[in-house]
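Asks: Got a structure for you, questions after.
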Amino acid sequence: MTQNSTISTKYLRPTEATIKIGSYSNNRTALQLVSPDGELLITATVNLPHEDLPDNQVFIKNYSENTGILDVLQEKKIIRLVDRLQSGFVWIDVAELRPTNDWELPIQGETA
C-alpha cells in the first residue's frame, strides 16, 4: 500500500486523509474520509434502502459537495465502478469494493 494519503476533490483542497469504514442501520457499508486528527472530510457513500445492492457494493455520492470523490476512490483502488442509477434528480454511482489490501489510502486505526 502506498503511503500517499493526500486526496482532493472539486471542493476539497489537497489534504491528508484516511478511510473510516462504518455501516448504515441496514448494515450496508458506509465510507467516510477523515483527516489524521479524525475530522470528517467527506461521507463518500449514500444509503438507498429501497434499492437492491450486493454486500460487496456501495452507492457513491459524486455530486454537490462530493463532486470528484468517485475519481479519488477509483484512483486509490478502493472501488470499481459497476453501474449508475437515478435517484430523484441525481445520478448515484454503484461501485464494487475492492479488497482492502489493494487500497492505496490508509484505513482509520490501522498502522502501516
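Labels for the C-alpha cells follow display order: chains A, B, ..., residues from 1 in each chain, ligands from 1.
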Fewer than 2 positions away in the same chain doesn't count, so skip those; otherwise give me all residues within 10 Å of region 85-88 of chain A, counting only C-alpha atoms, as a list of chain:residue names.

Replies: A:Leu48, A:Glu51, A:Phe59, A:Asp83, A:Val90, A:Trp91, A:Ile92, A:Asp93, A:Val94

Asks: With region 1-18 of chain A as the partner and 8 Å as the cut-off, tabulate the residues of region 49-94 of chain A that qualify, each row holding the nearest pair of atoms and their distance in Å to one decimal, using only C-alpha atoms, sorted by chain and rising number, as CSV.

Replies:
residue,atom,partner,partner_atom,distance
A:Glu65,CA,A:Tyr11,CA,6.3
A:Asn66,CA,A:Thr9,CA,7.3
A:Thr67,CA,A:Lys10,CA,5.8
A:Gly68,CA,A:Thr9,CA,4.8
A:Ile69,CA,A:Thr9,CA,6.1
A:Val72,CA,A:Ile7,CA,6.7

Asks: Next, the residues of the selection above should be written as a PDB file, in the first residue's frame with C-alpha atoms.

Replies:
ATOM      1  CA  GLU A  65     -20.090  18.954  -2.225  1.00  0.00           C
ATOM      2  CA  ASN A  66     -18.778  15.455  -3.076  1.00  0.00           C
ATOM      3  CA  THR A  67     -18.041  16.175  -6.742  1.00  0.00           C
ATOM      4  CA  GLY A  68     -14.840  14.325  -7.618  1.00  0.00           C
ATOM      5  CA  ILE A  69     -14.935  11.676  -4.868  1.00  0.00           C
ATOM      6  CA  VAL A  72     -10.455   9.709  -5.808  1.00  0.00           C
TER       7      VAL A  72
END

Asks: Using only C-alpha atoms, which of the listed residues (A:Lys77, A:Leu31, A:Arg98, A:Asn26) sits closest to His50 (chain A)?

Replies: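 Once distances to His50 (chain A) are computed over only C-alpha atoms, the minimum belongs to A:Asn26.
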
Asks: Run DSSP on the backbone and grab whatever in chain A lands in strand (DSSP E or B); send it over as JSON, numbers by chain.

Replies: {"A": [6, 7, 15, 16, 18, 19, 20, 21, 22, 23, 29, 30, 31, 32, 33, 34, 40, 41, 42, 43, 45, 46, 57, 58, 59, 60, 79, 80, 81, 82, 83, 84, 85, 86, 87, 90, 91, 92, 93, 94, 95, 96, 97, 107]}

Asks: For Arg80 (chain A), please output as a PyMOL selection string all residues within 10 Å (counting only C-alpha atoms; exclusion window: fewer than 2 positions along the same chain).

Replies: chain A and resi 57+70+73-75+77-78+82-83+94-98

Asks: May I have the residues within 12 Å of Arg28 (chain A) as a ChimeraX atom specification, using only C-alpha atoms and disregarding those fewer than 5 positions away in the same chain?

Replies: /A:21-23,45-49,51-59,97

Asks: Restrict the selected residues to C-alpha atoms and save them as an mmCIF file, in the first residue's frame.

Replies:
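The result, stored in part.cif:
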data_model
loop_
_atom_site.group_PDB
_atom_site.id
_atom_site.type_symbol
_atom_site.label_atom_id
_atom_site.label_comp_id
_atom_site.auth_asym_id
_atom_site.auth_seq_id
_atom_site.Cartn_x
_atom_site.Cartn_y
_atom_site.Cartn_z
ATOM 1 C CA ILE A 21 -15.384 2.077 7.359
ATOM 2 C CA GLY A 22 -18.776 2.036 9.019
ATOM 3 C CA SER A 23 -22.260 0.818 8.334
ATOM 4 C CA THR A 45 -21.443 6.864 0.288
ATOM 5 C CA VAL A 46 -25.202 7.240 0.480
ATOM 6 C CA ASN A 47 -27.761 4.725 1.655
ATOM 7 C CA LEU A 48 -30.679 3.936 -0.627
ATOM 8 C CA PRO A 49 -32.570 1.302 1.396
ATOM 9 C CA GLU A 51 -32.613 -0.205 -3.894
ATOM 10 C CA ASP A 52 -31.117 -3.710 -4.110
ATOM 11 C CA LEU A 53 -27.377 -3.831 -3.502
ATOM 12 C CA PRO A 54 -24.996 -6.799 -3.095
ATOM 13 C CA ASP A 55 -22.942 -6.847 0.131
ATOM 14 C CA ASN A 56 -19.696 -6.040 -1.700
ATOM 15 C CA GLN A 57 -21.079 -2.860 -3.322
ATOM 16 C CA VAL A 58 -21.776 0.716 -2.226
ATOM 17 C CA PHE A 59 -23.641 3.735 -3.543
ATOM 18 C CA LEU A 97 -15.494 -2.542 -3.102
#

Asks: Identify which of the residues A:Leu81, A:Asn101, A:Asp71, A:Thr43 lies closest to Thr29 (chain A), counting only C-alpha atoms when measuring atom-to-atom distances.

Replies: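 Counting only C-alpha atoms, the residue closest to Thr29 (chain A) is A:Thr43.
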
Asks: Using only C-alpha atoms, which of A:Asn27, A:Thr100, A:Gly109, A:Ser64 sits nearest Ala44 (chain A)?

Replies: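 Closest candidate: A:Ser64.
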
Asks: Would you mind writing down, as a count of residues only, each residue of chain A that DSSP on the backbone assigns to helix (DSSP H, G or I)?

Replies: 13

Asks: Between A:Glu39, A:Arg84, A:Tyr24, A:Val34, which residue has the minimum interatomic distance to Pro106 (chain A), considering only C-alpha atoms?

Replies: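 Among the listed residues, A:Val34 lies closest to Pro106 (chain A).
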